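The data block below is input.txt; it holds compact mmCIF, C-alpha atoms and all ligand atoms.
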# COMPACT_ATOMS: atom_id res chain seq x y z
CA MET S 594 -153.99 249.45 -250.01
CA GLU S 595 -157.68 250.35 -249.99
CA THR S 596 -159.41 249.29 -246.78
CA ARG S 597 -163.07 248.41 -246.22
CA PRO S 598 -165.29 248.01 -243.16
CA PHE S 599 -165.68 244.47 -241.86
CA GLY S 600 -169.39 244.16 -241.15
CA LYS S 601 -170.44 245.58 -237.80
CA THR S 602 -167.17 244.73 -236.05
CA GLY S 603 -165.74 248.25 -236.29
CA GLU S 604 -162.61 246.83 -238.00
CA PHE S 605 -161.32 247.89 -241.40
CA PHE S 606 -159.17 245.50 -243.46
CA PRO S 607 -157.14 245.92 -246.64
CA ILE S 608 -158.91 244.49 -249.68
CA LEU S 609 -156.30 241.70 -250.06
CA SER S 610 -156.16 239.12 -247.29
CA PHE S 611 -154.23 235.91 -246.77
CA GLY S 612 -155.55 232.40 -247.37
CA GLY S 613 -153.38 230.20 -245.15
CA GLN S 614 -154.22 226.74 -246.47
CA ARG S 615 -151.21 226.31 -248.69
CA ILE S 616 -148.19 227.30 -246.60
CA VAL S 617 -147.49 223.59 -246.05
CA ASP S 618 -145.21 220.78 -247.26
CA GLU S 619 -148.08 219.36 -249.35
CA HIS S 620 -147.86 222.51 -251.51
CA HIS S 621 -144.05 222.45 -251.57
CA CYS S 622 -143.76 225.33 -249.12
CA THR S 623 -141.16 224.81 -246.39
CA GLU S 624 -141.55 226.07 -242.83
CA GLU S 625 -138.87 228.69 -243.41
CA GLU S 626 -140.62 229.94 -246.56
CA ALA S 627 -144.00 229.94 -244.83
CA ILE S 628 -142.70 232.11 -241.99
CA GLU S 629 -141.05 234.50 -244.44
CA ILE S 630 -144.20 234.77 -246.59
CA VAL S 631 -146.46 235.49 -243.60
CA ASN S 632 -144.01 238.01 -242.10
CA THR S 633 -143.72 239.79 -245.45
CA ALA S 634 -147.52 239.86 -245.82
CA ILE S 635 -147.76 241.62 -242.43
CA ASP S 636 -144.90 244.00 -243.25
CA ARG S 637 -146.73 244.99 -246.44
CA GLY S 638 -150.02 245.70 -244.65
CA ILE S 639 -152.04 242.47 -244.80
CA ARG S 640 -153.88 241.93 -241.49
CA TYR S 641 -156.46 239.21 -242.10
CA PHE S 642 -155.28 235.57 -242.01
CA ASP S 643 -157.58 232.64 -242.71
CA THR S 644 -156.73 229.08 -241.72
CA ALA S 645 -158.54 225.94 -240.49
CA TRP S 646 -158.17 223.04 -238.08
CA ALA S 647 -158.53 220.65 -241.02
CA TYR S 648 -155.76 221.96 -243.28
CA SER S 649 -152.89 219.50 -243.77
CA LYS S 650 -153.44 217.72 -240.44
CA GLY S 651 -152.73 220.90 -238.50
CA GLN S 652 -149.57 221.96 -240.27
CA ALA S 653 -151.18 225.11 -241.75
CA GLU S 654 -152.28 226.36 -238.31
CA ALA S 655 -148.98 225.39 -236.69
CA ARG S 656 -146.96 227.29 -239.31
CA LEU S 657 -149.13 230.38 -238.93
CA GLY S 658 -148.75 229.98 -235.17
CA LYS S 659 -144.99 230.46 -235.40
CA VAL S 660 -145.63 234.02 -236.60
CA VAL S 661 -148.68 234.58 -234.37
CA LYS S 662 -146.45 233.92 -231.36
CA GLU S 663 -144.30 236.93 -232.30
CA ARG S 664 -146.83 239.28 -233.90
CA ARG S 665 -150.28 238.49 -232.47
CA SER S 666 -151.39 242.13 -232.16
CA GLU S 667 -150.80 242.77 -235.88
CA MET S 668 -152.91 239.83 -237.05
CA TRP S 669 -156.61 239.02 -237.28
CA ILE S 670 -156.86 235.23 -237.04
CA ALA S 671 -159.80 233.32 -238.46
CA THR S 672 -159.88 229.55 -238.05
CA LYS S 673 -162.59 226.92 -238.50
CA THR S 674 -164.10 223.69 -237.22
CA VAL S 675 -165.26 220.86 -239.44
CA HIS S 676 -166.80 219.00 -236.50
CA THR S 677 -170.57 219.49 -236.42
CA THR S 678 -171.09 218.47 -232.76
CA ARG S 679 -170.63 220.76 -229.76
CA ASP S 680 -168.07 218.52 -228.04
CA GLY S 681 -166.13 217.65 -231.18
CA ALA S 682 -165.95 221.29 -232.25
CA ARG S 683 -164.78 222.34 -228.77
CA ARG S 684 -161.92 219.83 -228.93
CA GLN S 685 -160.92 221.21 -232.34
CA LEU S 686 -160.97 224.79 -231.02
CA GLU S 687 -158.66 223.84 -228.16
CA GLU S 688 -156.26 222.18 -230.62
CA SER S 689 -156.42 225.21 -232.92
CA LEU S 690 -155.53 227.59 -230.08
CA THR S 691 -152.55 225.42 -229.12
CA ARG S 692 -151.28 225.19 -232.69
CA LEU S 693 -151.82 228.90 -233.29
CA GLN S 694 -150.03 229.77 -230.02
CA THR S 695 -152.72 232.20 -228.91
CA ASP S 696 -155.36 232.38 -226.19
CA HIS S 697 -158.14 233.50 -228.54
CA VAL S 698 -159.07 233.73 -232.23
CA ASP S 699 -160.73 236.75 -233.78
CA GLU S 700 -163.13 234.65 -235.82
CA TRP S 701 -164.21 231.00 -235.59
CA ARG S 702 -166.03 229.53 -238.58
CA LEU S 703 -168.34 226.63 -239.18
CA HIS S 704 -166.39 225.09 -242.04
CA ASN S 705 -167.77 224.21 -245.46
CA VAL S 706 -171.51 224.13 -244.85
CA TYR S 707 -172.23 222.55 -248.23
CA SER S 708 -175.79 221.27 -247.60
CA TYR S 709 -178.92 221.94 -245.54
CA GLY S 710 -178.24 218.68 -243.69
CA ARG S 711 -174.82 219.94 -242.63
CA LEU S 712 -176.35 223.30 -241.64
CA ASP S 713 -178.89 221.43 -239.51
CA ALA S 714 -176.12 219.45 -237.82
CA PHE S 715 -174.04 222.57 -237.08
CA THR S 716 -176.95 224.70 -235.83
CA GLY S 717 -179.16 222.04 -234.19
CA ARG S 718 -179.29 220.91 -230.56
CA GLY S 719 -175.85 219.77 -229.40
CA GLY S 720 -174.28 221.23 -232.56
CA ALA S 721 -171.03 223.14 -233.04
CA LEU S 722 -172.81 226.49 -232.95
CA GLU S 723 -173.47 225.91 -229.24
CA ALA S 724 -169.72 225.46 -228.74
CA ALA S 725 -169.11 228.70 -230.66
CA VAL S 726 -171.48 230.72 -228.49
CA GLN S 727 -169.96 229.26 -225.32
CA ALA S 728 -166.42 229.96 -226.55
CA ARG S 729 -167.40 233.54 -227.35
CA ASP S 730 -168.83 233.94 -223.83
CA GLU S 731 -165.50 232.65 -222.48
CA GLY S 732 -163.43 235.02 -224.62
CA LEU S 733 -161.77 232.26 -226.66
CA VAL S 734 -163.49 233.45 -229.85
CA ARG S 735 -164.41 237.04 -230.68
CA HIS S 736 -166.70 236.59 -233.70
CA ILE S 737 -168.71 233.68 -235.15
CA SER S 738 -168.62 232.91 -238.85
CA ILE S 739 -169.73 230.36 -241.45
CA SER S 740 -168.33 229.28 -244.83
CA CYS S 741 -170.04 227.91 -247.92
CA HIS S 742 -168.97 227.28 -251.51
CA THR S 743 -172.02 225.60 -252.93
CA ASP S 744 -175.38 227.34 -252.69
CA PRO S 745 -176.09 230.93 -251.55
CA GLN S 746 -179.55 229.95 -250.32
CA ILE S 747 -177.96 227.81 -247.59
CA LEU S 748 -176.33 230.94 -246.15
CA ILE S 749 -179.54 232.96 -246.41
CA GLU S 750 -181.15 230.22 -244.32
CA ALA S 751 -178.15 230.31 -241.93
CA LEU S 752 -178.62 234.04 -241.33
CA ASP S 753 -182.29 233.38 -240.50
CA ARG S 754 -181.15 230.96 -237.80
CA PHE S 755 -178.28 232.90 -236.18
CA PRO S 756 -176.73 236.40 -236.39
CA PHE S 757 -173.37 235.35 -237.79
CA ASP S 758 -170.76 238.14 -237.83
CA SER S 759 -169.19 237.09 -241.13
CA THR S 760 -169.37 234.66 -244.02
CA LEU S 761 -166.67 233.16 -246.25
CA ILE S 762 -168.03 232.62 -249.75
CA ALA S 763 -166.89 231.52 -253.22
CA THR S 764 -166.74 234.59 -255.46
CA SER S 765 -164.42 233.85 -258.40
CA ALA S 766 -165.28 235.12 -261.86
CA LEU S 767 -166.40 231.56 -262.64
CA ASP S 768 -168.91 231.74 -259.78
CA HIS S 769 -170.62 234.60 -261.61
CA PHE S 770 -172.18 231.99 -263.89
CA ILE S 771 -173.68 229.50 -261.47
CA LEU S 772 -175.33 229.83 -258.03
CA SER S 773 -173.80 233.27 -257.58
CA PHE S 774 -173.15 234.31 -253.98
CA VAL S 775 -172.56 237.85 -255.22
CA GLU S 776 -175.99 238.08 -256.83
CA GLU S 777 -178.07 236.11 -254.32
CA PHE S 778 -176.34 236.40 -250.98
CA VAL S 779 -174.11 239.50 -250.75
CA PRO S 780 -177.04 241.99 -250.90
CA VAL S 781 -178.68 240.10 -248.00
CA ALA S 782 -175.42 240.01 -246.01
CA ASN S 783 -174.76 243.71 -246.63
CA ALA S 784 -178.32 244.60 -245.56
CA HIS S 785 -177.69 242.73 -242.26
CA GLY S 786 -174.23 244.25 -241.75
CA VAL S 787 -172.64 240.80 -242.03
CA ALA S 788 -169.03 240.86 -243.25
CA THR S 789 -168.30 238.96 -246.47
CA ILE S 790 -164.94 237.40 -247.31
CA GLY S 791 -164.45 236.25 -250.91
CA MET S 792 -162.52 233.05 -251.75
CA LYS S 793 -161.78 230.85 -254.80
CA VAL S 794 -160.42 234.02 -256.41
CA MET S 795 -158.04 231.96 -258.56
CA GLY S 796 -160.73 229.38 -259.16
CA LEU S 797 -158.75 226.87 -257.09
CA GLY S 798 -156.22 226.83 -259.95
CA SER S 799 -158.63 227.18 -262.90
CA LEU S 800 -157.86 230.92 -263.31
CA THR S 801 -154.15 230.95 -262.46
CA HIS S 802 -153.33 231.61 -266.13
CA GLU S 803 -154.98 235.03 -265.58
CA PRO S 804 -154.13 235.95 -261.98
CA GLU S 805 -154.26 239.70 -262.46
CA ARG S 806 -157.70 239.84 -264.05
CA ALA S 807 -159.02 237.16 -261.68
CA LEU S 808 -157.93 239.25 -258.70
CA ARG S 809 -159.08 242.61 -260.12
CA TYR S 810 -162.49 241.04 -260.80
CA ALA S 811 -162.81 239.82 -257.19
CA LEU S 812 -161.49 243.03 -255.63
CA GLY S 813 -164.13 244.95 -257.58
CA LEU S 814 -167.01 243.07 -255.92
CA PRO S 815 -168.92 244.58 -252.96
CA LEU S 816 -167.12 242.36 -250.42
CA SER S 817 -165.41 243.24 -247.12
CA THR S 818 -162.13 241.59 -248.15
CA VAL S 819 -160.83 238.81 -250.36
CA ILE S 820 -158.50 235.92 -249.41
CA VAL S 821 -156.13 234.36 -251.90
CA GLY S 822 -154.25 231.16 -251.15
CA MET S 823 -150.56 232.03 -251.55
CA GLU S 824 -147.72 229.54 -251.23
CA THR S 825 -144.77 231.43 -252.75
CA MET S 826 -143.24 234.85 -252.24
CA ALA S 827 -143.70 235.52 -255.97
CA GLN S 828 -147.47 234.99 -255.69
CA LEU S 829 -147.62 237.27 -252.65
CA GLU S 830 -145.65 240.00 -254.46
CA GLN S 831 -147.77 239.73 -257.60
CA ASN S 832 -151.07 239.84 -255.70
CA LEU S 833 -149.87 242.74 -253.53
CA ALA S 834 -148.88 244.69 -256.63
CA VAL S 835 -152.40 244.25 -258.08
CA ALA S 836 -154.11 245.15 -254.80
CA GLU S 837 -151.88 248.14 -254.04
CA SER S 838 -152.64 249.75 -257.39
CA PHE S 839 -156.16 248.35 -257.65
CA THR S 840 -158.49 249.60 -260.34
CA PRO S 841 -161.69 247.65 -261.02
CA LEU S 842 -162.12 245.95 -264.39
CA SER S 843 -164.01 248.25 -266.76
CA ASP S 844 -167.34 246.90 -268.05
CA GLU S 845 -165.62 246.09 -271.34
CA GLU S 846 -162.74 244.26 -269.61
CA ARG S 847 -165.13 242.31 -267.38
CA LEU S 848 -167.31 241.18 -270.26
CA GLY S 849 -164.23 240.22 -272.28
CA PHE S 850 -162.95 238.17 -269.31
CA PHE S 851 -166.31 236.44 -268.90
CA ARG S 852 -166.36 235.55 -272.59
CA GLU S 853 -162.87 233.99 -272.37
CA ILE S 854 -163.46 231.96 -269.21
CA MET S 855 -166.97 230.73 -270.03
CA PRO S 856 -165.65 227.35 -271.33
CA LEU S 857 -164.22 226.75 -267.83
CA VAL S 858 -167.67 226.83 -266.23
CA ARG S 859 -167.78 223.04 -265.82
CA PRO S 860 -167.99 220.79 -262.76
CA ASP S 861 -164.43 219.52 -263.21
CA LYS S 862 -163.00 223.07 -263.37
CA MET S 863 -164.99 224.40 -260.42
CA PRO S 864 -165.59 221.31 -258.29
CA TRP S 865 -166.80 223.35 -255.28
CA LYS S 866 -170.03 224.01 -257.18
CA ALA S 867 -170.40 220.36 -258.20
CA ALA S 868 -172.85 218.05 -256.46
CA ASP S 869 -170.12 215.73 -255.31
CA TRP S 870 -166.75 217.16 -254.29
CA GLU S 871 -165.02 213.83 -254.66
CA ASN S 872 -166.45 212.98 -258.05
CA PRO S 873 -167.60 216.20 -259.63
CA THR S 874 -169.73 215.14 -262.54
CA GLU S 875 -172.92 217.08 -261.84
CA TRP S 876 -173.90 220.55 -260.72
CA VAL S 877 -175.28 221.11 -257.23
CA PRO S 878 -178.90 222.13 -257.62
CA ARG S 879 -180.34 218.62 -257.33
CA ASN S 880 -182.06 219.32 -254.02
CA ARG S 881 -182.04 223.07 -254.02
CA GLY S 882 -184.28 224.67 -251.44
CA ARG S 883 -186.26 222.75 -248.85
N1 LIG H 1 -164.65 226.11 -247.11
C1 LIG H 1 -163.72 226.92 -246.77
O1 LIG H 1 -163.92 227.61 -245.80
C2 LIG H 1 -162.43 226.99 -247.53
C3 LIG H 1 -162.12 226.01 -248.47
C4 LIG H 1 -160.94 226.12 -249.20
C5 LIG H 1 -160.08 227.18 -248.96
N2 LIG H 1 -160.38 228.13 -248.02
C6 LIG H 1 -159.49 229.29 -247.75
O2 LIG H 1 -159.42 230.04 -248.92
C7 LIG H 1 -158.03 230.27 -249.23
C8 LIG H 1 -157.89 230.36 -250.72
O3 LIG H 1 -158.14 229.10 -251.28
P1 LIG H 1 -159.11 228.89 -252.48
O4 LIG H 1 -159.62 227.50 -252.37
O5 LIG H 1 -160.06 230.05 -252.50
O6 LIG H 1 -158.11 228.94 -253.72
P2 LIG H 1 -157.68 230.15 -254.67
O7 LIG H 1 -157.29 231.32 -253.83
O8 LIG H 1 -158.70 230.29 -255.72
O9 LIG H 1 -156.40 229.52 -255.35
C9 LIG H 1 -155.17 229.53 -254.67
C10 LIG H 1 -154.07 229.10 -255.62
O10 LIG H 1 -153.96 230.03 -256.68
C11 LIG H 1 -152.60 230.10 -257.06
N3 LIG H 1 -152.18 231.52 -257.03
C12 LIG H 1 -152.35 232.44 -256.05
N4 LIG H 1 -151.84 233.63 -256.44
C13 LIG H 1 -151.36 233.45 -257.70
C14 LIG H 1 -150.72 234.28 -258.63
N5 LIG H 1 -150.49 235.58 -258.37
N6 LIG H 1 -150.36 233.76 -259.82
C15 LIG H 1 -150.59 232.47 -260.12
N7 LIG H 1 -151.19 231.61 -259.27
C16 LIG H 1 -151.57 232.10 -258.07
C17 LIG H 1 -151.81 229.19 -256.16
O11 LIG H 1 -151.82 227.87 -256.73
P3 LIG H 1 -150.63 227.06 -257.42
O12 LIG H 1 -149.33 227.73 -257.08
O13 LIG H 1 -150.76 225.71 -256.81
O14 LIG H 1 -150.98 227.08 -258.86
C18 LIG H 1 -152.69 229.14 -254.97
O15 LIG H 1 -152.44 228.00 -254.19
C19 LIG H 1 -157.30 229.10 -248.61
O16 LIG H 1 -155.94 229.38 -248.42
C20 LIG H 1 -158.07 228.94 -247.34
O17 LIG H 1 -157.57 229.85 -246.39
C21 LIG H 1 -161.56 228.04 -247.32
Will you turn the file into structure tokens for me?
Amino acid sequence: METRPFGKTGEFFPILSFGGQRIVDEHHCTEEEAIEIVNTAIDRGIRYFDTAWAYSKGQAEARLGKVVKERRSEMWIATKTVHTTRDGARRQLEESLTRLQTDHVDEWRLHNVYSYGRLDAFTGRGGALEAAVQARDEGLVRHISISCHTDPQILIEALDRFPFDSTLIATSALDHFILSFVEEFVPVANAHGVATIGMKVMGLGSLTHEPERALRYALGLPLSTVIVGMETMAQLEQNLAVAESFTPLSDEERLGFFREIMPLVRPDKMPWKAADWENPTEWVPRNRGR
């Protein structure tokens, strides 16, 4: 598989990486299947594994941890905190390390920074960013990261406030049409040497009728790597096959794909870009900018 540099870290990762949210009962994935899927991903060359404290009340981290325990040196582990305060985030980090059965994570992310208010809470006095810096000083965390689905300008502001090592951003073909991280943010990140990880590749389900084109589109973007949430061995095999023989969409293929998926560019089909995650009836840019 093609590999790419991961920001300024000196690491190179294969273009396809593993989204670890769905290897849980909630997504009809048993523990045995989860362990087999993750082991197969490593055997086939995947190195980057994303998870979070918040996923399925800890089950996602705990399942990944069963493989981490055996194969830590082969895996890059990124996990996240949803808690915006220093003390709350620290408690979550300690729980994450226990569940993941490791003494450090390679990346720790401020999770889902969907608004300027949430960015203020994370980065302000007594915020989770202070816990991240302290944990890095203590060797519990190697790199500090931030994730956002909603508005690329929030991440541009975040980079003005702190030299994050990496960013996890929504980059599906649907995201091309509204508040595009690829257009607005990736050039800024690349200029700063900040690694970029693409997510929402399958449009959180909206593009799963076209998994091959959805993945080829995302792999063709100027990103460091791309995570796809995979909950079955068949999905892993299919996505590996696309990534291992990756060729970017031609201009004609890309434009044809855009034309077909344009009717899906609606708040209910891409709720992460909607103003209200719980009740996605409007687009985000109500209070854009400050
Ligand atoms: N804010 C954040 O930081 C944040 C938020 C959410 C997720 N994440 C991370 O991002 C990862 C990816 O999640 P996402 O939200 O970006 O979703 P996504 O990758 O766009 O969609 C994942 C879903 O696509 C389907 N899929 C994957 N490969 C497929 C294939 N080859 N054929 C058909 N369907 C396929 C599966 O769904 P079905 O089998 O159910 O159809 C899978 O659960 C997560 O695992 C997590 O690690 C981060």
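Between atom CA of Glu595 of chain S and atom CA of Leu812 of chain S lies a distance of 10.0 Å.
Proximity to ligand LIG 1 (chain H) was assessed for S:Ala721, S:Val617, S:Val858, S:Ala867 counting all atoms listed in the file; the smallest distance is recorded for S:Val617.
The neighbours of segment 640-646 of chain S here are the residues that come within 6 Å of it, using all atoms listed in the file and leaving out any residue fewer than 4 positions away in the same chain; they are S:Ser610, S:Phe611, S:Gly612, S:Gly613, S:Gln614, S:Gly651, S:Met668, S:Trp669, S:Ile670, S:Ala671, S:Thr672, S:Lys673, S:Ser689.
A straight line drawn from atom CA of Glu700 of chain S to atom CA of His621 of chain S is 27.6 Å long.
Closest approach to ligand LIG 1 (chain H) among S:Pro841, S:Pro864, S:Gly822, S:Pro756 is made by S:Gly822 (distances from all atoms listed in the file).
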Of the residues S:Ala827, S:Ile616, S:Val698, S:Ile739, which is the one nearest to Ala788 of chain S, using all atoms listed in the file?
S:Ile739
Ligand LIG 1 (chain H): which residues are within 6 Å, counting all atoms listed in the file, as a PyMOL selection string?
chain S and resi 612-615+643-644+704-705+740-741+792-798+801+804+820-824+828+831-832
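Between atom CA of Ser765 of chain S and atom CA of Leu814 of chain S there is a distance of 9.9 Å.
Using only C-alpha atoms, the smallest distance between any of S:Ser817, S:Thr825, S:Thr691, S:Thr633 and Asn783 of chain S comes from S:Ser817.
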Keeping C-alpha atoms, write segment 642-747 of chain S of the structure just shown out as a CSV table (one decimal), in the first residue's frame.
chain,number,residue,atom,x,y,z
S,642,PHE,CA,-5.9,2.8,14.7
S,643,ASP,CA,-8.3,5.5,15.8
S,644,THR,CA,-10.6,5.1,18.8
S,645,ALA,CA,-12.1,7.3,21.5
S,646,TRP,CA,-13.0,7.2,25.2
S,647,ALA,CA,-16.6,7.9,24.3
S,648,TYR,CA,-17.3,5.1,21.9
S,649,SER,CA,-19.8,2.6,23.2
S,650,LYS,CA,-19.1,3.3,26.9
S,651,GLY,CA,-15.6,2.1,26.5
S,652,GLN,CA,-16.2,-1.1,24.6
S,653,ALA,CA,-14.4,0.1,21.5
S,654,GLU,CA,-11.2,1.0,23.4
S,655,ALA,CA,-11.4,-2.2,25.4
S,656,ARG,CA,-11.7,-4.4,22.3
S,657,LEU,CA,-8.8,-2.7,20.6
S,658,GLY,CA,-6.9,-3.1,23.9
S,659,LYS,CA,-7.1,-6.9,23.6
S,660,VAL,CA,-4.9,-6.7,20.5
S,661,VAL,CA,-2.8,-3.8,21.7
S,662,LYS,CA,-1.7,-6.0,24.6
S,663,GLU,CA,-0.2,-8.5,22.2
S,664,ARG,CA,1.0,-6.2,19.4
S,665,ARG,CA,1.6,-2.7,20.8
S,666,SER,CA,4.8,-2.1,18.7
S,667,GLU,CA,3.0,-2.7,15.4
S,668,MET,CA,0.2,-0.2,16.2
S,669,TRP,CA,-0.1,3.6,16.3
S,670,ILE,CA,-2.9,4.3,18.7
S,671,ALA,CA,-5.0,7.5,18.6
S,672,THR,CA,-7.7,8.1,21.2
S,673,LYS,CA,-9.7,11.1,22.3
S,674,THR,CA,-11.3,13.0,25.2
S,675,VAL,CA,-14.7,14.5,25.1
S,676,HIS,CA,-14.2,16.2,28.4
S,677,THR,CA,-13.3,19.9,28.0
S,678,THR,CA,-11.8,20.5,31.5
S,679,ARG,CA,-8.3,19.6,32.5
S,680,ASP,CA,-9.3,17.3,35.4
S,681,GLY,CA,-12.1,15.6,33.5
S,682,ALA,CA,-9.9,15.0,30.5
S,683,ARG,CA,-7.1,13.6,32.7
S,684,ARG,CA,-9.5,11.1,34.2
S,685,GLN,CA,-10.6,10.0,30.7
S,686,LEU,CA,-7.0,9.6,29.6
S,687,GLU,CA,-6.3,7.3,32.6
S,688,GLU,CA,-9.3,5.2,31.8
S,689,SER,CA,-8.3,5.1,28.1
S,690,LEU,CA,-4.9,3.8,29.0
S,691,THR,CA,-6.3,1.1,31.2
S,692,ARG,CA,-8.8,0.0,28.6
S,693,LEU,CA,-6.2,0.0,25.8
S,694,GLN,CA,-3.7,-1.9,28.0
S,695,THR,CA,-0.9,0.4,27.3
S,696,ASP,CA,1.3,2.9,29.2
S,697,HIS,CA,1.0,5.6,26.5
S,698,VAL,CA,-0.9,6.6,23.3
S,699,ASP,CA,0.7,7.9,20.2
S,700,GLU,CA,-1.9,10.6,19.7
S,701,TRP,CA,-4.5,12.1,22.0
S,702,ARG,CA,-7.3,14.2,20.5
S,703,LEU,CA,-9.7,16.9,21.6
S,704,HIS,CA,-12.8,15.2,20.4
S,705,ASN,CA,-15.4,16.8,18.1
S,706,VAL,CA,-14.7,20.5,18.4
S,707,TYR,CA,-17.9,21.5,16.7
S,708,SER,CA,-18.1,25.1,17.7
S,709,TYR,CA,-16.0,28.1,18.8
S,710,GLY,CA,-17.5,27.8,22.3
S,711,ARG,CA,-16.2,24.2,22.6
S,712,LEU,CA,-12.8,25.3,21.2
S,713,ASP,CA,-12.7,28.0,23.9
S,714,ALA,CA,-13.6,25.5,26.6
S,715,PHE,CA,-10.9,23.0,25.4
S,716,THR,CA,-8.1,25.6,24.9
S,717,GLY,CA,-9.0,28.0,27.7
S,718,ARG,CA,-7.6,28.2,31.3
S,719,GLY,CA,-8.2,24.9,33.1
S,720,GLY,CA,-9.2,23.3,29.8
S,721,ALA,CA,-8.3,19.8,28.4
S,722,LEU,CA,-5.4,21.2,26.4
S,723,GLU,CA,-3.6,21.8,29.6
S,724,ALA,CA,-4.1,18.1,30.5
S,725,ALA,CA,-2.8,17.1,27.1
S,726,VAL,CA,0.4,19.2,27.4
S,727,GLN,CA,1.0,17.8,30.9
S,728,ALA,CA,0.4,14.2,29.7
S,729,ARG,CA,2.9,14.8,26.8
S,730,ASP,CA,5.5,16.0,29.3
S,731,GLU,CA,4.9,12.9,31.4
S,732,GLY,CA,5.2,10.6,28.4
S,733,LEU,CA,1.6,9.3,28.5
S,734,VAL,CA,0.8,10.9,25.1
S,735,ARG,CA,3.2,11.4,22.3
S,736,HIS,CA,1.3,13.8,20.0
S,737,ILE,CA,-1.6,16.2,20.5
S,738,SER,CA,-4.5,16.3,18.0
S,739,ILE,CA,-7.9,17.8,17.5
S,740,SER,CA,-11.0,16.7,15.5
S,741,CYS,CA,-13.8,18.6,13.8
S,742,HIS,CA,-16.6,17.7,11.4
S,743,THR,CA,-18.4,21.0,11.1
S,744,ASP,CA,-16.5,24.1,10.1
S,745,PRO,CA,-12.9,24.3,8.7
S,746,GLN,CA,-12.5,27.8,10.1
S,747,ILE,CA,-12.7,26.5,13.7
